[in-house]
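J.: So here's upload_14.pdb, just PDB, C-alpha atoms and all ligand atoms:
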```pdb
ATOM      1  CA  MET A   1       0.000   0.000   0.000
ATOM      2  CA  ARG A   2       1.212   3.425  -0.814
ATOM      3  CA  GLU A   3       0.451   4.742   2.644
ATOM      4  CA  ARG A   4       3.375   2.649   3.758
ATOM      5  CA  LEU A   5       5.622   4.750   1.553
ATOM      6  CA  ALA A   6       4.053   7.868   2.959
ATOM      7  CA  CYS A   7       4.965   6.902   6.440
ATOM      8  CA  ALA A   8       8.100   4.856   5.914
ATOM      9  CA  ALA A   9      10.314   7.675   7.079
ATOM     10  CA  ALA A  10       7.937   8.343   9.895
ATOM     11  CA  VAL A  11       8.312   4.840  11.265
ATOM     12  CA  LEU A  12      12.026   5.292  11.695
ATOM     13  CA  LEU A  13      11.478   8.580  13.415
ATOM     14  CA  VAL A  14       8.839   7.104  15.658
ATOM     15  CA  LEU A  15      11.359   4.537  16.748
ATOM     16  CA  ALA A  16      13.619   7.441  17.525
ATOM     17  CA  GLY A  17      10.894   8.957  19.664
ATOM     18  CA  VAL A  18       9.816  11.666  17.256
ATOM     19  CA  ALA A  19       6.204  12.381  16.469
ATOM     20  CA  ALA A  20       5.145  11.561  12.976
ATOM     21  CA  CYS A  21       1.995  11.181  10.970
ATOM     22  CA  SER A  22       2.296   8.127  13.109
ATOM     23  CA  PRO A  23       3.176  10.115  16.098
ATOM     24  CA  ALA A  24       3.363   8.582  19.471
ATOM     25  CA  ALA A  25       6.474   6.922  20.755
ATOM     26  CA  GLN A  26       4.536   6.269  23.892
ATOM     27  CA  PRO A  27       0.957   5.120  23.850
ATOM     28  CA  VAL A  28      -1.523   7.914  23.520
ATOM     29  CA  ALA A  29      -3.349   8.507  26.739
ATOM     30  CA  ALA A  30      -6.820   7.112  26.887
ATOM     31  CA  GLN A  31      -9.609   9.438  25.891
ATOM     32  CA  PRO A  32     -11.595  10.853  28.775
ATOM     33  CA  VAL A  33     -14.402   8.551  27.954
ATOM     34  CA  ALA A  34     -16.664   6.787  30.354
ATOM     35  CA  ALA A  35     -16.730   3.047  30.692
ATOM     36  CA  LYS A  36     -18.173   1.431  27.632
ATOM     37  CA  PRO A  37     -21.134  -0.830  27.712
ATOM     38  CA  VAL A  38     -19.881  -2.629  24.634
ATOM     39  CA  ALA A  39     -17.120  -5.136  25.146
ATOM     40  CA  ALA A  40     -14.160  -4.675  22.870
ATOM     41  CA  GLN A  41     -14.298  -7.000  19.936
ATOM     42  CA  PRO A  42     -11.229  -8.496  18.370
ATOM     43  CA  ALA A  43     -10.182  -6.553  15.317
ATOM     44  CA  ALA A  44     -10.418  -8.419  12.074
ATOM     45  CA  SER A  45      -7.059  -9.236  10.634
ATOM     46  CA  LYS A  46      -8.025  -8.918   7.008
ATOM     47  CA  PRO A  47      -5.718  -6.723   4.996
ATOM     48  CA  ALA A  48      -7.044  -3.384   3.908
ATOM     49  CA  PRO A  49      -8.761  -3.591   0.552
ATOM     50  CA  GLU A  50      -6.746  -2.146  -2.286
ATOM     51  CA  GLN A  51      -9.736  -0.810  -4.126
ATOM     52  CA  SER A  52     -13.194   0.313  -3.305
ATOM     53  CA  SER A  53     -14.745  -1.812  -0.659
ATOM     54  CA  ALA A  54     -17.883  -3.538  -1.688
ATOM     55  CA  PRO A  55     -20.401  -1.011  -0.451
ATOM     56  CA  ALA A  56     -23.358  -3.157   0.273
ATOM     57  CA  GLN A  57     -26.254  -1.610  -1.529
ATOM     58  CA  GLY A  58     -29.315  -1.418   0.612
ATOM     59  CA  GLN A  59     -27.474  -2.865   3.544
ATOM     60  CA  ALA A  60     -29.446  -2.706   6.722
ATOM     61  CA  PRO A  61     -28.376  -0.009   9.129
ATOM     62  CA  THR A  62     -25.948  -1.113  11.780
ATOM     63  CA  ALA A  63     -28.385  -0.959  14.620
ATOM     64  CA  ALA A  64     -26.350  -2.462  17.375
ATOM     65  CA  VAL A  65     -23.682   0.178  17.637
ATOM     66  CA  THR A  66     -24.002   1.917  20.933
ATOM     67  CA  ILE A  67     -21.463   4.619  21.231
ATOM     68  CA  GLY A  68     -19.603   5.893  24.167
ATOM     69  CA  VAL A  69     -19.166   9.462  25.052
ATOM     70  CA  VAL A  70     -18.251  12.146  22.702
ATOM     71  CA  SER A  71     -18.756  15.455  24.356
ATOM     72  CA  THR A  72     -21.292  17.521  26.120
ATOM     73  CA  GLN A  73     -21.775  20.212  23.493
ATOM     74  CA  LYS A  74     -24.944  20.883  21.626
ATOM     75  CA  VAL A  75     -24.229  20.757  17.931
ATOM     76  CA  ALA A  76     -26.693  21.126  15.098
ATOM     77  CA  GLY A  77     -29.528  20.323  17.381
ATOM     78  CA  ALA A  78     -27.984  17.098  18.603
ATOM     79  CA  GLU A  79     -27.223  16.783  22.240
ATOM     80  CA  ILE A  80     -24.189  14.609  22.625
ATOM     81  CA  ALA A  81     -24.131  13.650  26.210
ATOM     82  CA  GLU A  82     -21.913  11.665  28.495
ATOM     83  CA  ALA A  83     -22.640   8.014  27.980
ATOM     84  CA  GLU A  84     -24.203   6.071  30.739
ATOM     85  CA  PRO A  85     -22.617   2.768  31.662
ATOM     86  CA  VAL A  86     -25.553   1.176  29.945
ATOM     87  CA  GLY A  87     -27.231   2.694  26.947
ATOM     88  CA  GLY A  88     -25.958   6.078  25.862
ATOM     89  CA  ALA A  89     -26.411   8.014  22.668
ATOM     90  CA  THR A  90     -26.631   6.155  19.434
ATOM     91  CA  ILE A  91     -25.149   7.923  16.465
ATOM     92  CA  LEU A  92     -27.784   6.445  14.212
ATOM     93  CA  GLN A  93     -30.279   8.689  15.973
ATOM     94  CA  PHE A  94     -28.353  11.864  15.171
ATOM     95  CA  PRO A  95     -29.562  13.997  12.246
ATOM     96  CA  GLU A  96     -28.618  12.663   8.821
ATOM     97  CA  PRO A  97     -25.357  14.208   7.585
ATOM     98  CA  ALA A  98     -25.167  16.540   4.588
ATOM     99  CA  GLY A  99     -22.538  17.786   2.143
ATOM    100  CA  PRO A 100     -20.180  16.096  -0.310
ATOM    101  CA  GLY A 101     -19.428  12.537   0.752
ATOM    102  CA  ALA A 102     -22.498  12.263   2.994
ATOM    103  CA  ARG A 103     -24.200   8.884   3.115
ATOM    104  CA  LYS A 104     -27.184   7.672   5.028
ATOM    105  CA  ARG A 105     -26.196   6.722   8.553
ATOM    106  CA  GLY A 106     -25.582   3.019   8.858
ATOM    107  CA  THR A 107     -24.473   2.701   5.245
ATOM    108  CA  HIS A 108     -21.210   0.886   4.768
ATOM    109  CA  PRO A 109     -18.726   3.534   3.599
ATOM    110  CA  THR A 110     -17.307   3.534   0.107
ATOM    111  CA  VAL A 111     -13.519   3.846  -0.057
ATOM    112  CA  ILE A 112     -12.211   6.239  -2.687
ATOM    113  CA  PHE A 113      -8.634   6.225  -3.958
ATOM    114  CA  HIS A 114      -9.041   8.561  -6.920
ATOM    115  CA  GLY A 115     -11.576  10.282  -9.137
ATOM    116  CA  SER A 116     -12.396   9.799 -12.797
ATOM    117  CA  ARG A 117      -9.367   8.931 -14.914
ATOM    118  CA  SER A 118     -10.971  10.635 -17.877
ATOM    119  CA  ARG A 119     -10.812  14.181 -16.471
ATOM    120  CA  LYS A 120      -7.550  16.055 -16.057
ATOM    121  CA  GLU A 121      -8.316  17.081 -12.517
ATOM    122  CA  ILE A 122      -6.360  16.563  -9.314
ATOM    123  CA  ALA A 123      -7.335  17.156  -5.702
ATOM    124  CA  LEU A 124      -4.595  18.319  -3.366
ATOM    125  CA  THR A 125      -5.388  17.156   0.169
ATOM    126  CA  PHE A 126      -3.614  18.190   3.353
ATOM    127  CA  ASP A 127      -3.708  16.167   6.569
ATOM    128  CA  SER A 128      -3.203  17.396  10.090
ATOM    129  CA  ASN A 129      -2.847  15.294  13.182
ATOM    130  CA  MET A 130      -2.529  15.856  16.889
ATOM    131  CA  THR A 131      -2.099  13.420  19.733
ATOM    132  CA  ASP A 132      -1.575  13.836  23.438
ATOM    133  CA  ALA A 133       2.114  13.060  22.940
ATOM    134  CA  MET A 134       2.334  15.893  20.410
ATOM    135  CA  LEU A 135       0.496  18.232  22.760
ATOM    136  CA  ARG A 136       3.070  17.431  25.420
ATOM    137  CA  ARG A 137       5.891  18.285  23.035
ATOM    138  CA  LEU A 138       4.247  21.624  22.346
ATOM    139  CA  ALA A 139       3.803  22.285  26.052
ATOM    140  CA  ASP A 140       7.423  21.348  26.761
ATOM    141  CA  GLY A 141       8.638  23.637  24.010
ATOM    142  CA  LYS A 142      10.270  20.703  22.260
ATOM    143  CA  VAL A 143       8.223  21.478  19.190
ATOM    144  CA  LYS A 144       7.293  24.968  18.142
ATOM    145  CA  SER A 145       4.405  24.320  15.823
ATOM    146  CA  TYR A 146       2.364  21.596  14.224
ATOM    147  CA  ALA A 147       0.444  24.103  12.116
ATOM    148  CA  ASN A 148       1.900  25.227   8.831
ATOM    149  CA  ALA A 149       0.206  28.499   7.944
ATOM    150  CA  ALA A 150       2.641  28.993   5.067
ATOM    151  CA  VAL A 151       0.905  26.150   3.233
ATOM    152  CA  VAL A 152      -2.360  28.060   3.427
ATOM    153  CA  ASP A 153      -0.527  31.224   2.306
ATOM    154  CA  GLU A 154       0.767  29.476  -0.812
ATOM    155  CA  LEU A 155      -2.605  27.979  -1.673
ATOM    156  CA  GLN A 156      -4.386  31.297  -1.308
ATOM    157  CA  LYS A 157      -1.731  33.216  -3.211
ATOM    158  CA  SER A 158      -2.123  30.870  -6.163
ATOM    159  CA  HIS A 159      -5.913  30.490  -5.831
ATOM    160  CA  THR A 160      -5.573  26.751  -5.471
ATOM    161  CA  PRO A 161      -8.595  24.869  -4.166
ATOM    162  CA  ALA A 162      -7.721  22.260  -1.551
ATOM    163  CA  THR A 163      -9.260  19.836   0.914
ATOM    164  CA  PHE A 164      -8.011  19.654   4.509
ATOM    165  CA  PHE A 165      -8.358  16.471   6.545
ATOM    166  CA  LEU A 166      -8.158  17.800  10.069
ATOM    167  CA  ALA A 167      -7.879  15.835  13.283
ATOM    168  CA  GLY A 168     -10.165  17.123  16.046
ATOM    169  CA  LYS A 169      -7.398  17.617  18.556
ATOM    170  CA  TRP A 170      -5.472  19.641  16.000
ATOM    171  CA  VAL A 171      -8.506  21.840  15.395
ATOM    172  CA  GLU A 172      -8.786  22.513  19.111
ATOM    173  CA  ALA A 173      -5.088  23.374  19.286
ATOM    174  CA  TYR A 174      -5.222  25.660  16.253
ATOM    175  CA  PRO A 175      -8.639  27.317  16.069
ATOM    176  CA  GLN A 176      -7.304  30.388  14.278
ATOM    177  CA  LEU A 177      -5.833  28.512  11.349
ATOM    178  CA  THR A 178      -8.940  26.337  11.277
ATOM    179  CA  ARG A 179     -11.105  29.459  11.017
ATOM    180  CA  ARG A 180      -8.944  30.771   8.204
ATOM    181  CA  ILE A 181      -9.315  27.522   6.263
ATOM    182  CA  ALA A 182     -13.056  27.454   6.911
ATOM    183  CA  ALA A 183     -13.504  31.030   5.716
ATOM    184  CA  ASP A 184     -12.062  30.399   2.254
ATOM    185  CA  PRO A 185     -14.756  29.154  -0.144
ATOM    186  CA  GLU A 186     -12.064  27.462  -2.243
ATOM    187  CA  PHE A 187     -11.193  25.166   0.651
ATOM    188  CA  GLU A 188     -13.018  22.167   2.059
ATOM    189  CA  MET A 189     -12.668  20.624   5.480
ATOM    190  CA  ALA A 190     -12.859  16.896   6.122
ATOM    191  CA  SER A 191     -12.238  14.576   9.056
ATOM    192  CA  HIS A 192      -8.968  12.907   9.943
ATOM    193  CA  SER A 193     -10.538  11.458  13.123
ATOM    194  CA  TRP A 194     -10.612  13.058  16.535
ATOM    195  CA  ALA A 195      -7.568  11.634  18.322
ATOM    196  CA  HIS A 196      -5.552  10.292  15.370
ATOM    197  CA  GLU A 197      -5.299   6.766  16.738
ATOM    198  CA  GLY A 198      -4.946   3.686  14.569
ATOM    199  CA  PHE A 199      -8.190   2.103  13.345
ATOM    200  CA  ARG A 200      -6.435  -1.213  12.984
ATOM    201  CA  GLY A 201      -3.455  -2.676  14.775
ATOM    202  CA  LYS A 202       0.087  -1.950  13.678
ATOM    203  CA  CYS A 203      -0.419   1.482  12.210
ATOM    204  CA  TYR A 204       2.961   3.232  12.357
ATOM    205  CA  GLY A 205       3.163   3.112  16.117
ATOM    206  CA  LEU A 206      -0.171   4.868  16.624
ATOM    207  CA  GLY A 207      -2.200   3.788  19.613
ATOM    208  CA  THR A 208      -5.152   1.649  18.609
ATOM    209  CA  ILE A 209      -8.679   2.845  19.168
ATOM    210  CA  GLY A 210     -11.208   0.220  20.260
ATOM    211  CA  ARG A 211     -13.864  -0.779  17.771
ATOM    212  CA  ALA A 212     -16.634   0.386  20.053
ATOM    213  CA  ASP A 213     -15.122   3.894  20.122
ATOM    214  CA  MET A 214     -14.481   4.324  16.407
ATOM    215  CA  ALA A 215     -17.793   5.780  15.290
ATOM    216  CA  ALA A 216     -17.887   8.179  18.235
ATOM    217  CA  ASP A 217     -14.367   9.389  17.497
ATOM    218  CA  VAL A 218     -15.146  10.142  13.857
ATOM    219  CA  GLU A 219     -18.552  11.636  14.601
ATOM    220  CA  ARG A 220     -16.995  13.905  17.188
ATOM    221  CA  SER A 221     -14.480  15.211  14.673
ATOM    222  CA  PHE A 222     -17.233  16.035  12.200
ATOM    223  CA  GLN A 223     -19.207  17.794  14.920
ATOM    224  CA  VAL A 224     -16.201  19.945  15.750
ATOM    225  CA  LEU A 225     -15.597  20.842  12.104
ATOM    226  CA  GLY A 226     -19.267  21.722  11.796
ATOM    227  CA  ARG A 227     -18.749  24.518  14.283
ATOM    228  CA  TYR A 228     -16.330  26.204  11.905
ATOM    229  CA  THR A 229     -17.560  25.717   8.375
ATOM    230  CA  ASP A 230     -20.741  26.588   6.539
ATOM    231  CA  HIS A 231     -19.857  24.141   3.756
ATOM    232  CA  PRO A 232     -19.109  20.875   5.547
ATOM    233  CA  THR A 233     -18.148  17.643   3.845
ATOM    234  CA  ARG A 234     -18.523  14.093   5.007
ATOM    235  CA  PHE A 235     -15.156  12.855   3.788
ATOM    236  CA  PHE A 236     -13.106  10.873   6.289
ATOM    237  CA  ARG A 237      -9.497   9.708   6.078
ATOM    238  CA  PHE A 238      -8.271   7.079   8.519
ATOM    239  CA  PRO A 239      -5.188   8.050  10.537
ATOM    240  CA  GLY A 240      -2.158   6.635   8.753
ATOM    241  CA  GLY A 241      -4.557   5.479   6.042
ATOM    242  CA  CYS A 242      -4.913   2.314   8.160
ATOM    243  CA  TYR A 243      -8.159   0.380   8.182
ATOM    244  CA  ASP A 244      -9.674  -3.030   7.711
ATOM    245  CA  ALA A 245     -13.120  -4.466   7.113
ATOM    246  CA  ALA A 246     -13.967  -4.235  10.811
ATOM    247  CA  ALA A 247     -13.077  -0.531  10.893
ATOM    248  CA  LEU A 248     -15.285   0.154   7.875
ATOM    249  CA  ASP A 249     -18.160  -1.638   9.601
ATOM    250  CA  ALA A 250     -17.534   0.311  12.779
ATOM    251  CA  VAL A 251     -17.738   3.766  11.170
ATOM    252  CA  ALA A 252     -20.879   2.988   9.134
ATOM    253  CA  PRO A 253     -23.143   4.892  11.590
ATOM    254  CA  VAL A 254     -21.270   8.098  10.781
ATOM    255  CA  GLY A 255     -22.560   8.176   7.201
ATOM    256  CA  CYS A 256     -19.367   9.181   5.443
ATOM    257  CA  THR A 257     -17.155   8.453   2.455
ATOM    258  CA  VAL A 258     -13.678   7.155   3.224
ATOM    259  CA  VAL A 259     -10.953   8.846   1.194
ATOM    260  CA  GLU A 260      -7.493   7.417   0.649
ATOM    261  CA  TYR A 261      -5.094   8.649  -2.048
ATOM    262  CA  ASP A 262      -3.070   7.521  -5.035
ATOM    263  CA  ASP A 263      -0.458  10.289  -5.140
ATOM    264  CA  VAL A 264       1.931  10.204  -2.190
ATOM    265  CA  SER A 265       3.982  13.368  -1.918
ATOM    266  CA  GLY A 266       6.369  11.981   0.681
ATOM    267  CA  ASP A 267       6.341  15.281   2.542
ATOM    268  CA  ALA A 268       6.106  13.646   5.987
ATOM    269  CA  PHE A 269       9.610  14.249   7.353
ATOM    270  CA  GLY A 270      10.751  15.061   3.860
ATOM    271  CA  ASN A 271      13.769  17.326   3.894
ATOM    272  CA  ASN A 272      14.148  17.791   0.167
ATOM    273  CA  PRO A 273      11.511  20.051  -1.397
ATOM    274  CA  ALA A 274      12.644  19.276  -4.947
ATOM    275  CA  ARG A 275      12.087  15.603  -4.272
ATOM    276  CA  ILE A 276       8.643  16.195  -2.765
ATOM    277  CA  THR A 277       7.712  18.191  -5.853
ATOM    278  CA  ALA A 278       9.134  15.593  -8.238
ATOM    279  CA  ASP A 279       7.361  12.705  -6.496
ATOM    280  CA  THR A 280       4.016  14.481  -6.348
ATOM    281  CA  VAL A 281       4.173  15.363 -10.030
ATOM    282  CA  LYS A 282       5.471  11.944 -11.051
ATOM    283  CA  ASN A 283       2.660  10.123  -9.224
ATOM    284  CA  ALA A 284      -0.066  12.398 -10.581
ATOM    285  CA  ARG A 285      -2.587  11.013 -13.038
ATOM    286  CA  PRO A 286      -5.989  12.269 -14.141
ATOM    287  CA  GLY A 287      -8.303  12.005 -11.136
ATOM    288  CA  SER A 288      -5.489  11.677  -8.606
ATOM    289  CA  ILE A 289      -5.846  12.476  -4.929
ATOM    290  CA  ALA A 290      -2.523  13.781  -3.607
ATOM    291  CA  VAL A 291      -1.724  13.609   0.096
ATOM    292  CA  LEU A 292       0.369  16.276   1.797
ATOM    293  CA  HIS A 293       0.484  17.642   5.360
ATOM    294  CA  ILE A 294       0.107  20.890   7.266
ATOM    295  CA  THR A 295       1.848  19.629  10.375
ATOM    296  CA  GLU A 296       4.850  21.930  10.148
ATOM    297  CA  ALA A 297       7.283  20.171  12.510
ATOM    298  CA  ASN A 298       6.413  16.787  11.025
ATOM    299  CA  ALA A 299       6.399  17.973   7.416
ATOM    300  CA  PRO A 300       8.634  21.035   7.366
ATOM    301  CA  GLU A 301       9.188  21.399   3.617
ATOM    302  CA  THR A 302       5.626  21.248   2.307
ATOM    303  CA  ALA A 303       5.141  24.976   1.830
ATOM    304  CA  ILE A 304       8.505  25.233   0.088
ATOM    305  CA  ALA A 305       7.642  22.453  -2.342
ATOM    306  CA  LEU A 306       4.088  23.627  -2.953
ATOM    307  CA  PRO A 307       4.558  26.496  -5.457
ATOM    308  CA  ALA A 308       6.464  24.232  -7.852
ATOM    309  CA  ILE A 309       3.930  21.417  -7.380
ATOM    310  CA  ILE A 310       1.083  23.741  -8.284
ATOM    311  CA  LYS A 311       2.950  25.297 -11.206
ATOM    312  CA  ARG A 312       4.037  21.996 -12.699
ATOM    313  CA  LEU A 313       0.665  20.288 -12.347
ATOM    314  CA  ARG A 314      -1.110  23.236 -13.913
ATOM    315  CA  GLY A 315       1.617  23.429 -16.557
ATOM    316  CA  ALA A 316       0.861  19.804 -17.420
ATOM    317  CA  GLY A 317      -2.770  20.744 -18.031
ATOM    318  CA  TYR A 318      -4.298  19.633 -14.739
ATOM    319  CA  ARG A 319      -7.087  21.550 -13.070
ATOM    320  CA  LEU A 320      -6.654  21.601  -9.307
ATOM    321  CA  VAL A 321      -9.984  21.074  -7.571
ATOM    322  CA  THR A 322     -11.481  20.228  -4.217
ATOM    323  CA  LEU A 323     -12.291  16.622  -3.474
ATOM    324  CA  GLY A 324     -15.975  17.480  -3.667
ATOM    325  CA  ASP A 325     -15.490  18.698  -7.233
ATOM    326  CA  LEU A 326     -13.198  15.822  -8.161
ATOM    327  CA  LEU A 327     -15.794  13.281  -7.110
ATOM    328  CA  ALA A 328     -18.882  15.197  -8.274
TER     329      ALA A 328
HETATM  330 ZN    ZN B   1      -2.485  11.420   9.717
END
```
Can you dump the structure from the file as structure tokens?
Ligand SMILES: [Zn+2]
T.:
Amino acid sequence: MRERLACAAAVLLVLAGVAACSPAAQPVAAQPVAAKPVAAQPAASKPAPEQSSAPAQGQAPTAAVTIGVVSTQKVAGAEIAEAEPVGGATILQFPEPAGPGARKRGTHPTVIFHGSRSRKEIALTFDSNMTDAMLRRLADGKVKSYANAAVVDELQKSHTPATFFLAGKWVEAYPQLTRRIAADPEFEMASHSWAHEGFRGKCYGLGTIGRADMAADVERSFQVLGRYTDHPTRFFRFPGGCYDAAALDAVAPVGCTVVEYDDVSGDAFGNNPARITADTVKNARPGSIAVLHITEANAPETAIALPAIIKRLRGAGYRLVTLGDLLA
């Protein structure tokens, strides 16, 4: 899988105790979530599908998913309350989601790797992530910033539409940059989970979220994004791009489209902007979804590589579009 290339460098750095797109050298602290009524189920060990999962048409809603806690805020008319030891909110009862990528709650998500190969369009996507370990590094002053505003500068300067997959904890750490992204009609915001934990085992050293918590984690991230944007999407990218059939089942109540990528920029821990540019351009095909990052300390050269990426892709006749447009 290409995601492995994306994070290959990161793995080495994780071993060295450095946060990556697979960040935590130490396990991420448990979410402040009440005891779950649902016993953890063993994760399926099937490999992630290489192409679109078989989205069961007319599949019955997943009725048995009782979620744990997400938060106590009121969002879009839905009260998301602390879960009781027994019972608790059920995401399937929340209002149906809207926007590009939205699917009826309970529908098995489709997994998208690229758009139509017959249109010369490319979607540039930018991931953020934030874990408790990263927050500690910020607090300790070991890391100055995980938010690369220069990437947004370059995109706006060149009027380049883009889609941002933001982790909820990152949004809370960087509300100003989030607001700036939300305010630009050429940008879209999508979910990169709440806590950026692995949705299957062995995901670049990320802590693993329990199956029973998966839907709540993703729903929570969408709820947070919904506070910022008036043009929400329902696109979701798994942390590290890691998932399996069980994870897809688990997030079905969210009603989203899962988005992977087919153009790996290699910007995570990349220290050679020319190489990042060359790889992004080399991997680009009609309909491609390119993955880059706005996590400054973990992808320090992205903004430097970006002008040449944009210029060369446009020079090759590609139209740069949001994911919503690419998949429309
Ligand atoms: Zn990530």
J.: If I take atom CA of A:Lys157 and atom CA of A:Phe235, how far is one from the other in Å, to one decimal?
T.: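 Those two atoms sit 25.4 Å apart.
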J.: For each of A:Val251, A:Leu92, A:Ala98, A:Leu124, take the minimum atom-to-atom distance to A:Leu155, counting all atoms listed in the file, then give the residue where this is smallest.
T.: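 Of all the options, A:Leu124 lies closest to A:Leu155.
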J.: Neighbours of ligand ZN 1 (chain B) at 6 Å or closer, counting all atoms listed in the file: which residues, as a PyMOL selection string?
T.: chain A and resi 21+127+129+239-240
J.: How many Å lie between atom CA of A:Gly266 and atom CA of A:Arg179, rounded to one decimal?
T.: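 These atoms are spaced 26.8 Å apart.
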J.: One number please: atom CA of A:Ser118 to atom CA of A:Ser158, in Å, one decimal.
T.: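 Answer for the atom CA of A:Ser118 to atom CA of A:Ser158 separation: 25.0 Å.
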J.: Taking all atoms listed in the file into account, which of A:Tyr204, A:His192, A:Met214, A:Pro95 comes nearest A:Asp249?
T.: A:Met214
J.: Out of A:Pro253, A:Pro161, A:Gly226, A:Gly270, which residue has the shortest atom-to-atom distance to A:Ile310 when counting only C-alpha atoms?
T.: A:Pro161
J.: Here is a test: counting all atoms listed in the file, which residue of A:Ile91, A:Ala123, A:Met130, A:Cys203 is nearest to A:Asp263?
T.: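 Among the listed residues, A:Ala123 lies closest to A:Asp263.
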J.: Could you spell out the hits of the PyMOL selection byres (((chain A and resi 278) around 12) and not hetatm) on the shown file, as a ChimeraX atom specification?
T.: /A:263-267,272-277,279-284,305-306,308-313
J.: I need the residue set behind the PyMOL selection byres (((chain A and resi 151) around 8) and not hetatm) for this file; please write it as a PyMOL selection string.
T.: chain A and resi 148-150+152-155+294+302-303+306
J.: Expanded to explicit residues, what is the PyMOL selection byres (((chain A and resi 248) around 9) and not hetatm) for this file, as JSON, numbers by chain?
T.: {"A": [53, 108, 109, 110, 111, 243, 244, 245, 246, 247, 249, 250, 251, 252, 258]}
J.: Which of these, A:Cys242, A:Ile122, A:Leu323, A:Ile304, has the shortest distance to A:Lys202 once you count all atoms listed in the file?
T.: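 For A:Lys202, the nearest of the candidates is A:Cys242.
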J.: List as a ChimeraX atom specification the protein and nucleic acid residues near A:Thr131, meaning an atom at most 7 Å away when only C-alpha atoms are counted, but skip any in the same chain fewer than 2 places from it.
T.: /A:28,129,133-135,169,195-196
J.: Show which residues sit within 8 Å of A:Asp217, as a list in words. Count all atoms listed in the file, and ignore same-chain residues fewer than 2 positions away.
T.: Val70, Ser193, Trp194, Ala195, Asp213, Met214, Ala215, Glu219, Arg220 and Ser221 of chain A
J.: Find the residues near A:Gly255: any atom within 6 Å, counting only C-alpha atoms, skip ones fewer than 5 places away on the same chain, and give them as a ChimeraX atom specification.
T.: /A:102-105
J.: Counting all atoms listed in the file, which of A:Gly168, A:Gly101, A:Gly315, A:Gly287 gets nearest to A:Arg227?
T.: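 Result for the nearest residue to A:Arg227: A:Gly168.
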J.: Could you give me, as a compact mmCIF listing (two decimals) with C-alpha atoms, keeping the file's coordinate frame, the residues that sit within 12 Å of (-9.6, 29.7, 14.3) in the file's coordinates, counting only C-alpha atoms?
T.:
```txt
# COMPACT_ATOMS: atom_id res chain seq x y z
CA ALA A 147 0.44 24.10 12.12
CA ALA A 149 0.21 28.50 7.94
CA TRP A 170 -5.47 19.64 16.00
CA VAL A 171 -8.51 21.84 15.40
CA GLU A 172 -8.79 22.51 19.11
CA ALA A 173 -5.09 23.37 19.29
CA TYR A 174 -5.22 25.66 16.25
CA PRO A 175 -8.64 27.32 16.07
CA GLN A 176 -7.30 30.39 14.28
CA LEU A 177 -5.83 28.51 11.35
CA THR A 178 -8.94 26.34 11.28
CA ARG A 179 -11.10 29.46 11.02
CA ARG A 180 -8.94 30.77 8.20
CA ILE A 181 -9.32 27.52 6.26
CA ALA A 182 -13.06 27.45 6.91
CA ALA A 183 -13.50 31.03 5.72
CA VAL A 224 -16.20 19.94 15.75
CA LEU A 225 -15.60 20.84 12.10
CA ARG A 227 -18.75 24.52 14.28
CA TYR A 228 -16.33 26.20 11.90
CA THR A 229 -17.56 25.72 8.38
```
